[in-house]
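Structure file data.tsv (TSV, C-alpha atoms) is printed below.
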chain	number	residue	atom	x	y	z
A	1	MET	CA	7.56	9.66	-59.74
A	2	LYS	CA	9.29	6.34	-59.42
A	3	VAL	CA	8.50	3.48	-57.05
A	4	PHE	CA	11.67	1.62	-56.03
A	5	PRO	CA	11.71	-1.99	-54.92
A	6	CYS	CA	13.91	-2.34	-51.82
A	7	ALA	CA	16.72	-4.11	-53.66
A	8	ARG	CA	17.23	-1.08	-55.90
A	9	LEU	CA	17.34	1.62	-53.22
A	10	PRO	CA	20.02	4.25	-53.86
A	11	HIS	CA	22.77	4.69	-51.26
A	12	PHE	CA	21.51	8.00	-49.90
A	13	LEU	CA	18.52	6.17	-48.36
A	14	PHE	CA	20.92	4.52	-45.87
A	15	ILE	CA	20.41	7.37	-43.40
A	16	ILE	CA	16.68	7.90	-43.82
A	17	THR	CA	15.48	4.29	-43.76
A	18	SER	CA	16.19	4.33	-40.03
A	19	LEU	CA	13.53	7.04	-39.57
A	20	LEU	CA	10.82	6.63	-42.16
A	21	TRP	CA	8.26	4.52	-40.28
A	22	LEU	CA	7.92	7.24	-37.66
A	23	SER	CA	4.46	8.51	-38.69
A	24	SER	CA	2.72	5.15	-38.45
A	25	CYS	CA	2.32	5.18	-34.66
A	26	ALA	CA	0.01	6.92	-32.26
A	27	THR	CA	1.31	9.71	-30.05
A	28	SER	CA	-0.23	8.54	-26.79
A	29	GLY	CA	-0.44	5.38	-24.75
A	30	ASN	CA	0.07	3.83	-21.33
A	31	ASN	CA	3.64	2.99	-20.33
A	32	GLU	CA	5.00	0.87	-17.52
A	33	GLY	CA	7.88	3.28	-16.97
A	34	PRO	CA	8.89	5.30	-13.89
A	35	ASP	CA	6.08	5.89	-11.39
A	36	ASP	CA	7.45	9.08	-9.83
A	37	PRO	CA	4.60	11.68	-9.82
A	38	ASN	CA	6.84	14.43	-11.23
A	39	TRP	CA	7.96	12.14	-14.05
A	40	LEU	CA	4.37	11.12	-14.86
A	41	GLN	CA	3.37	14.78	-15.11
A	42	HIS	CA	6.32	15.46	-17.39
A	43	GLU	CA	5.50	12.44	-19.55
A	44	GLN	CA	1.92	13.60	-20.07
A	45	SER	CA	3.18	17.06	-21.10
A	46	VAL	CA	5.45	15.47	-23.71
A	47	LEU	CA	2.71	13.15	-24.99
A	48	ALA	CA	0.50	16.19	-25.51
A	49	LEU	CA	3.01	17.57	-28.05
A	50	SER	CA	1.56	16.46	-31.38
A	51	ASN	CA	3.15	19.35	-33.31
A	52	TRP	CA	6.87	20.01	-32.93
A	53	GLN	CA	10.08	20.65	-34.82
A	54	LEU	CA	13.70	19.78	-34.13
A	55	SER	CA	16.94	20.66	-35.88
A	56	GLY	CA	20.46	19.42	-35.38
A	57	ARG	CA	22.67	16.56	-36.54
A	58	LEU	CA	22.20	12.83	-36.86
A	59	ASN	CA	24.99	10.26	-36.93
A	60	VAL	CA	24.23	6.71	-38.07
A	61	ARG	CA	26.71	3.88	-37.56
A	62	GLN	CA	26.01	0.45	-38.96
A	63	GLN	CA	28.72	-2.22	-39.20
A	64	ASN	CA	31.68	-0.45	-40.85
A	65	ALA	CA	29.67	2.48	-42.25
A	66	SER	CA	29.18	5.87	-40.60
A	67	ASP	CA	27.48	9.02	-41.87
A	68	THR	CA	26.58	12.33	-40.24
A	69	VAL	CA	23.96	14.67	-41.66
A	70	SER	CA	22.14	17.81	-40.65
A	71	ILE	CA	18.50	17.14	-39.90
A	72	ASN	CA	15.37	19.25	-39.63
A	73	TRP	CA	12.30	17.21	-38.61
A	74	GLN	CA	8.83	18.73	-38.40
A	75	GLN	CA	5.92	16.67	-37.07
A	76	GLU	CA	2.28	17.75	-37.35
A	77	ASP	CA	0.07	15.04	-35.90
A	78	GLN	CA	0.56	12.09	-38.29
A	79	ASN	CA	2.18	14.13	-41.06
A	80	PHE	CA	5.90	14.78	-41.18
A	81	GLU	CA	8.54	16.61	-43.15
A	82	ILE	CA	12.25	15.85	-42.77
A	83	ARG	CA	15.11	17.61	-44.51
A	84	PHE	CA	18.61	16.13	-44.55
A	85	SER	CA	21.82	17.68	-45.81
A	86	GLY	CA	25.29	16.24	-45.57
A	87	THR	CA	28.45	15.02	-47.17
A	88	LEU	CA	29.62	11.62	-48.40
A	89	GLY	CA	27.33	11.76	-51.41
A	90	LEU	CA	24.12	12.36	-49.49
A	91	GLY	CA	23.56	15.94	-50.60
A	92	ALA	CA	20.17	17.47	-49.74
A	93	VAL	CA	17.22	15.15	-49.28
A	94	HIS	CA	13.61	16.13	-48.58
A	95	VAL	CA	11.30	13.49	-47.10
A	96	HIS	CA	7.63	14.21	-46.47
A	97	GLY	CA	4.43	12.30	-46.14
A	98	SER	CA	1.80	10.65	-43.98
A	99	PRO	CA	1.12	7.10	-42.76
A	100	ASP	CA	-0.19	6.26	-46.25
A	101	GLU	CA	2.52	7.71	-48.48
A	102	VAL	CA	6.12	8.88	-48.19
A	103	VAL	CA	7.93	10.89	-50.85
A	104	VAL	CA	11.73	11.21	-51.04
A	105	GLU	CA	13.14	14.04	-53.17
A	106	LYS	CA	16.79	14.65	-53.96
A	107	ALA	CA	18.26	17.17	-56.40
A	108	GLY	CA	19.43	15.45	-59.56
A	109	ALA	CA	17.61	12.20	-58.80
A	110	GLU	CA	14.19	10.82	-59.55
A	111	THR	CA	11.54	11.29	-56.88
A	112	VAL	CA	11.05	8.11	-54.88
A	113	LEU	CA	7.63	7.00	-53.66
A	114	LEU	CA	7.68	4.67	-50.66
A	115	PRO	CA	4.35	2.89	-50.16
A	116	ASP	CA	5.25	0.52	-47.30
A	117	LEU	CA	7.82	1.75	-44.80
A	118	GLN	CA	7.75	-1.27	-42.54
A	119	ALA	CA	8.61	-3.58	-45.43
A	120	LEU	CA	11.29	-1.09	-46.53
A	121	THR	CA	13.13	-1.18	-43.22
A	122	ARG	CA	12.82	-4.94	-42.99
A	123	ASN	CA	14.23	-5.57	-46.46
A	124	TYR	CA	16.85	-2.82	-46.59
A	125	LEU	CA	18.20	-2.94	-43.03
A	126	GLY	CA	17.62	-6.68	-42.61
A	127	TYR	CA	15.16	-6.37	-39.73
A	128	ASP	CA	12.19	-4.28	-38.58
A	129	PHE	CA	13.71	-1.07	-37.25
A	130	PRO	CA	11.42	0.18	-34.43
A	131	ALA	CA	10.71	3.57	-35.96
A	132	ALA	CA	7.27	3.57	-34.33
A	133	GLN	CA	9.07	3.65	-30.99
A	134	LEU	CA	11.46	6.33	-32.26
A	135	LEU	CA	8.68	8.91	-32.36
A	136	PHE	CA	8.43	8.51	-28.57
A	137	TRP	CA	12.16	8.03	-27.92
A	138	VAL	CA	13.23	11.23	-29.69
A	139	ARG	CA	11.05	13.21	-27.24
A	140	GLY	CA	12.64	11.54	-24.21
A	141	ILE	CA	9.88	9.12	-23.19
A	142	PRO	CA	9.39	5.36	-23.49
A	143	ALA	CA	7.15	3.89	-26.15
A	144	PRO	CA	4.21	1.82	-24.91
A	145	GLY	CA	5.16	-1.75	-23.99
A	146	GLY	CA	8.40	-3.70	-23.81
A	147	ILE	CA	10.16	-1.56	-21.19
A	148	ILE	CA	13.01	-3.48	-19.58
A	149	SER	CA	14.51	-0.76	-17.37
A	150	THR	CA	14.62	3.01	-16.92
A	151	THR	CA	16.63	5.46	-14.84
A	152	LEU	CA	15.89	9.12	-14.22
A	153	ASP	CA	18.53	11.81	-13.90
A	154	VAL	CA	18.80	14.26	-11.00
A	155	SER	CA	16.18	16.48	-12.65
A	156	LEU	CA	13.78	13.52	-12.97
A	157	MET	CA	14.15	13.44	-16.74
A	158	MET	CA	14.82	10.18	-18.58
A	159	GLY	CA	18.50	9.25	-18.20
A	160	THR	CA	18.63	5.74	-19.61
A	161	LEU	CA	16.05	3.47	-21.19
A	162	ILE	CA	16.25	-0.15	-22.26
A	163	GLN	CA	13.27	-1.30	-24.27
A	164	ALA	CA	12.41	-4.26	-26.48
A	165	ASP	CA	10.65	-3.80	-29.82
A	166	THR	CA	7.78	-5.96	-31.05
A	167	THR	CA	10.21	-8.65	-32.23
A	168	GLY	CA	11.98	-8.81	-28.85
A	169	ARG	CA	15.10	-7.00	-30.06
A	170	ARG	CA	16.74	-4.99	-27.26
A	171	TRP	CA	17.44	-1.26	-27.68
A	172	GLU	CA	19.50	0.86	-25.28
A	173	LEU	CA	19.07	4.63	-25.07
A	174	GLU	CA	20.96	7.37	-23.23
A	175	TYR	CA	19.69	10.94	-22.78
A	176	ASP	CA	21.28	14.20	-21.68
A	177	ARG	CA	21.59	17.93	-22.50
A	178	TYR	CA	17.92	18.65	-21.82
A	179	GLN	CA	16.52	22.02	-22.83
A	180	GLN	CA	13.31	23.72	-21.72
A	181	VAL	CA	10.92	24.62	-24.52
A	182	ASN	CA	7.66	26.36	-23.56
A	183	ASP	CA	7.64	24.71	-20.11
A	184	VAL	CA	8.43	21.23	-21.45
A	185	TRP	CA	11.89	19.67	-21.11
A	186	LEU	CA	13.16	17.88	-24.22
A	187	PRO	CA	16.47	16.06	-24.79
A	188	GLY	CA	19.42	17.61	-26.62
A	189	ARG	CA	21.43	14.41	-27.11
A	190	ILE	CA	20.07	10.91	-27.62
A	191	ARG	CA	22.04	7.74	-28.25
A	192	VAL	CA	20.09	4.75	-29.58
A	193	LYS	CA	21.92	1.47	-30.07
A	194	SER	CA	21.27	-2.21	-30.66
A	195	GLU	CA	23.75	-4.79	-31.87
A	196	ASP	CA	25.29	-3.43	-35.09
A	197	ILE	CA	23.47	-0.08	-35.38
A	198	GLN	CA	23.78	3.16	-33.41
A	199	LEU	CA	22.01	6.48	-33.91
A	200	THR	CA	23.14	9.68	-32.19
A	201	PHE	CA	20.90	12.73	-32.30
A	202	LEU	CA	22.51	16.07	-31.42
A	203	ILE	CA	19.56	18.44	-31.25
A	204	SER	CA	20.46	22.09	-31.29
A	205	GLU	CA	16.91	23.47	-31.25
A	206	TRP	CA	13.38	22.35	-30.45
A	207	LEU	CA	10.32	24.35	-31.48
A	208	THR	CA	6.87	23.69	-30.00
A	209	PRO	CA	3.60	25.65	-29.88
A	210	PRO	CA	3.34	28.00	-26.87
A	211	SER	CA	1.58	26.53	-23.84
A	212	SER	CA	-2.04	27.57	-23.60
Just dump the structure as structure tokens.
Amino acid sequence: MKVFPCARLPHFLFIITSLLWLSSCATSGNNEGPDDPNWLQHEQSVLALSNWQLSGRLNVRQQNASDTVSINWQQEDQNFEIRFSGTLGLGAVHVHGSPDEVVVEKAGAETVLLPDLQALTRNYLGYDFPAAQLLFWVRGIPAPGGIISTTLDVSLMMGTLIQADTTGRRWELEYDRYQQVNDVWLPGRIRVKSEDIQLTFLISEWLTPPSS
């Protein structure tokens, strides 16, 4: 197993560095988002989902670069497993780990051990990508703190969200194509953008444990 300094990261990590800090955050917290009672009930149902799985596609645009990959992301409390497959030299990549260790495996390449994901995103992307917030955003709810504005759609699901990260950087999100999964509504398309980077999740399937 090889530990890479950030300056020597191979190109296929371009896609996954946007996601890899996701397991370092908690899955609950108080938000200053919409105060509609139906929304608050929905938000609590989503926050209760500590185990879930999504599959679909992810497009990442940064400056003049753009890549689209298939993604399968499984979250079990603080542990995660993400599988990517795509073109443009990415191939198949398997990422798994916990808040204390992340392992990146790619056929034909040495296994990469990532000990500090926050430092990785800062050094490789040039700033601290708010992947802690992404764990909330991908489920269609705001992360705790820094909410600038929100709008709900006609079904009282999150329509748009503007939120600042811990550095004050502004992120704009758009949600649609919601799908009901075991009595919880989860987004099917999510656009996340800020300055020179944009992520688009096209989620074809969510899997969650049955409601008790």
If I take CA of Tyr175 (chain A) and CA of Met158 (chain A), how far is one from the other in Å, to one decimal?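 Between these atoms lies a distance of 6.5 Å.
Distances from A:Ser45, A:Gln179, A:Asn59, A:Asn38 to Ser204 (chain A) were compared using only C-alpha atoms, and the smallest one belongs to A:Gln179.
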If you measure from CA of Asp153 (chain A) to CA of Asn72 (chain A), what distance in Å do you get, rounded to one decimal?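 If I compute the distance from CA of Asp153 (chain A) to CA of Asn72 (chain A), I get 27.0 Å.
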Which is closest to Ile82 (chain A) among A:Val104, A:Val112, A:Ile148, A:Leu173, if we use only C-alpha atoms? A:Val104
Selected residue, from A:Pro209, A:Glu195, A:Pro34, A:Pro187, that lies nearest to Phe136 (chain A) when counting all atoms listed in the file: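 Smallest distance to Phe136 (chain A) is found for A:Pro187.
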So how far away is CA of Asn64 (chain A) from CA of Asp196 (chain A), in Å? 9.1 Å
The residues within 12 Å of (7.2, 13.3, -18.9), using all atoms listed in the file and the coordinates of the file, should be reported as a ChimeraX atom specification; which are they? /A:28,31,33-49,136-137,139-143,152,155-158,183-187
Could region 63-200 of chain A be written out with C-alpha atoms, as a tab-separated table (two decimals), in the first residue's frame, please?
chain	number	residue	atom	x	y	z
A	63	GLN	CA	-12.35	25.09	-15.12
A	64	ASN	CA	-11.91	23.52	-18.59
A	65	ALA	CA	-12.13	19.89	-17.42
A	66	SER	CA	-15.25	17.73	-17.36
A	67	ASP	CA	-15.70	14.05	-16.52
A	68	THR	CA	-18.75	11.84	-16.05
A	69	VAL	CA	-18.63	8.54	-14.17
A	70	SER	CA	-21.03	5.95	-12.88
A	71	ILE	CA	-21.22	5.99	-9.10
A	72	ASN	CA	-22.43	3.58	-6.44
A	73	TRP	CA	-22.18	5.04	-2.92
A	74	GLN	CA	-23.02	3.02	0.18
A	75	GLN	CA	-23.04	4.69	3.61
A	76	GLU	CA	-23.22	2.76	6.88
A	77	ASP	CA	-23.04	5.20	9.77
A	78	GLN	CA	-19.50	6.64	9.52
A	79	ASN	CA	-18.20	3.98	7.13
A	80	PHE	CA	-18.54	4.28	3.38
A	81	GLU	CA	-17.85	2.43	0.16
A	82	ILE	CA	-17.91	4.16	-3.22
A	83	ARG	CA	-17.39	2.53	-6.60
A	84	PHE	CA	-16.71	4.61	-9.71
A	85	SER	CA	-16.51	3.48	-13.31
A	86	GLY	CA	-16.10	5.66	-16.35
A	87	THR	CA	-14.19	6.68	-19.42
A	88	LEU	CA	-11.45	9.22	-20.07
A	89	GLY	CA	-8.86	7.09	-18.33
A	90	LEU	CA	-10.72	6.73	-15.05
A	91	GLY	CA	-11.55	3.05	-15.38
A	92	ALA	CA	-12.96	1.35	-12.26
A	93	VAL	CA	-12.10	2.81	-8.87
A	94	HIS	CA	-13.08	1.44	-5.46
A	95	VAL	CA	-12.95	3.81	-2.49
A	96	HIS	CA	-13.74	2.62	1.02
A	97	GLY	CA	-12.96	3.60	4.55
A	98	SER	CA	-13.91	5.39	7.74
A	99	PRO	CA	-13.14	8.80	9.28
A	100	ASP	CA	-9.66	7.50	10.19
A	101	GLU	CA	-8.56	5.86	6.94
A	102	VAL	CA	-9.51	5.89	3.27
A	103	VAL	CA	-8.29	3.35	0.73
A	104	VAL	CA	-8.41	3.92	-3.05
A	105	GLU	CA	-8.05	0.86	-5.28
A	106	LYS	CA	-7.79	0.85	-9.07
A	107	ALA	CA	-7.01	-2.09	-11.34
A	108	GLY	CA	-3.45	-1.89	-12.61
A	109	ALA	CA	-2.41	0.76	-10.10
A	110	GLU	CA	-0.96	0.73	-6.63
A	111	THR	CA	-3.41	0.98	-3.76
A	112	VAL	CA	-3.51	4.50	-2.35
A	113	LEU	CA	-3.90	5.19	1.35
A	114	LEU	CA	-5.30	8.62	2.21
A	115	PRO	CA	-4.74	9.54	5.86
A	116	ASP	CA	-6.02	13.14	5.88
A	117	LEU	CA	-8.88	13.94	3.52
A	118	GLN	CA	-9.30	17.56	4.52
A	119	ALA	CA	-5.67	18.30	3.70
A	120	LEU	CA	-6.06	16.34	0.45
A	121	THR	CA	-8.93	18.46	-0.82
A	122	ARG	CA	-7.21	21.66	0.25
A	123	ASN	CA	-3.95	20.85	-1.51
A	124	TYR	CA	-5.31	19.12	-4.61
A	125	LEU	CA	-8.36	21.27	-5.36
A	126	GLY	CA	-6.81	24.47	-4.00
A	127	TYR	CA	-9.38	25.01	-1.25
A	128	ASP	CA	-11.32	23.09	1.39
A	129	PHE	CA	-14.15	21.40	-0.51
A	130	PRO	CA	-17.14	21.16	1.89
A	131	ALA	CA	-17.51	17.40	1.68
A	132	ALA	CA	-18.81	17.34	5.26
A	133	GLN	CA	-21.79	19.34	4.01
A	134	LEU	CA	-22.12	17.05	0.97
A	135	LEU	CA	-23.26	14.16	3.15
A	136	PHE	CA	-26.31	16.27	4.03
A	137	TRP	CA	-26.75	17.90	0.61
A	138	VAL	CA	-26.87	14.61	-1.31
A	139	ARG	CA	-29.92	13.61	0.78
A	140	GLY	CA	-31.73	16.86	0.01
A	141	ILE	CA	-31.31	18.72	3.31
A	142	PRO	CA	-29.12	21.61	4.48
A	143	ALA	CA	-26.02	21.01	6.54
A	144	PRO	CA	-25.95	22.64	9.98
A	145	GLY	CA	-24.96	26.32	9.89
A	146	GLY	CA	-24.24	28.83	7.16
A	147	ILE	CA	-27.63	28.73	5.43
A	148	ILE	CA	-28.14	31.82	3.28
A	149	SER	CA	-31.46	30.97	1.63
A	150	THR	CA	-33.76	28.05	0.85
A	151	THR	CA	-36.86	27.48	-1.26
A	152	LEU	CA	-39.22	24.53	-1.17
A	153	ASP	CA	-40.94	23.07	-4.21
A	154	VAL	CA	-44.69	22.48	-4.51
A	155	SER	CA	-44.31	19.18	-2.65
A	156	LEU	CA	-42.46	20.92	0.20
A	157	MET	CA	-39.18	19.26	-0.70
A	158	MET	CA	-35.97	21.27	-0.99
A	159	GLY	CA	-35.94	23.13	-4.32
A	160	THR	CA	-32.95	25.43	-3.97
A	161	LEU	CA	-30.36	25.94	-1.26
A	162	ILE	CA	-27.61	28.51	-0.91
A	163	GLN	CA	-25.21	27.77	1.90
A	164	ALA	CA	-21.78	28.98	2.98
A	165	ASP	CA	-19.08	26.55	4.10
A	166	THR	CA	-16.83	27.07	7.12
A	167	THR	CA	-14.53	29.36	5.11
A	168	GLY	CA	-17.42	31.56	3.94
A	169	ARG	CA	-17.39	30.21	0.37
A	170	ARG	CA	-20.87	30.28	-1.18
A	171	TRP	CA	-22.42	27.11	-2.66
A	172	GLU	CA	-25.62	26.99	-4.71
A	173	LEU	CA	-27.70	23.82	-5.00
A	174	GLU	CA	-30.73	22.87	-7.09
A	175	TYR	CA	-32.88	19.78	-6.49
A	176	ASP	CA	-35.53	17.96	-8.50
A	177	ARG	CA	-36.73	14.51	-9.65
A	178	TYR	CA	-37.55	13.33	-6.13
A	179	GLN	CA	-38.35	9.67	-5.59
A	180	GLN	CA	-40.07	8.00	-2.64
A	181	VAL	CA	-38.03	5.30	-0.92
A	182	ASN	CA	-39.64	3.52	2.05
A	183	ASP	CA	-41.78	6.56	2.91
A	184	VAL	CA	-38.89	9.03	2.62
A	185	TRP	CA	-38.50	11.35	-0.38
A	186	LEU	CA	-34.95	11.65	-1.72
A	187	PRO	CA	-33.64	13.72	-4.67
A	188	GLY	CA	-32.94	12.25	-8.10
A	189	ARG	CA	-30.96	15.19	-9.50
A	190	ILE	CA	-28.70	17.55	-7.58
A	191	ARG	CA	-26.62	20.40	-8.96
A	192	VAL	CA	-23.90	21.79	-6.69
A	193	LYS	CA	-21.87	24.75	-7.89
A	194	SER	CA	-19.49	27.40	-6.64
A	195	GLU	CA	-17.21	29.58	-8.71
A	196	ASP	CA	-15.17	27.26	-10.95
A	197	ILE	CA	-16.57	23.86	-9.88
A	198	GLN	CA	-19.90	22.17	-10.53
A	199	LEU	CA	-21.10	18.70	-9.53
A	200	THR	CA	-24.24	17.12	-10.99
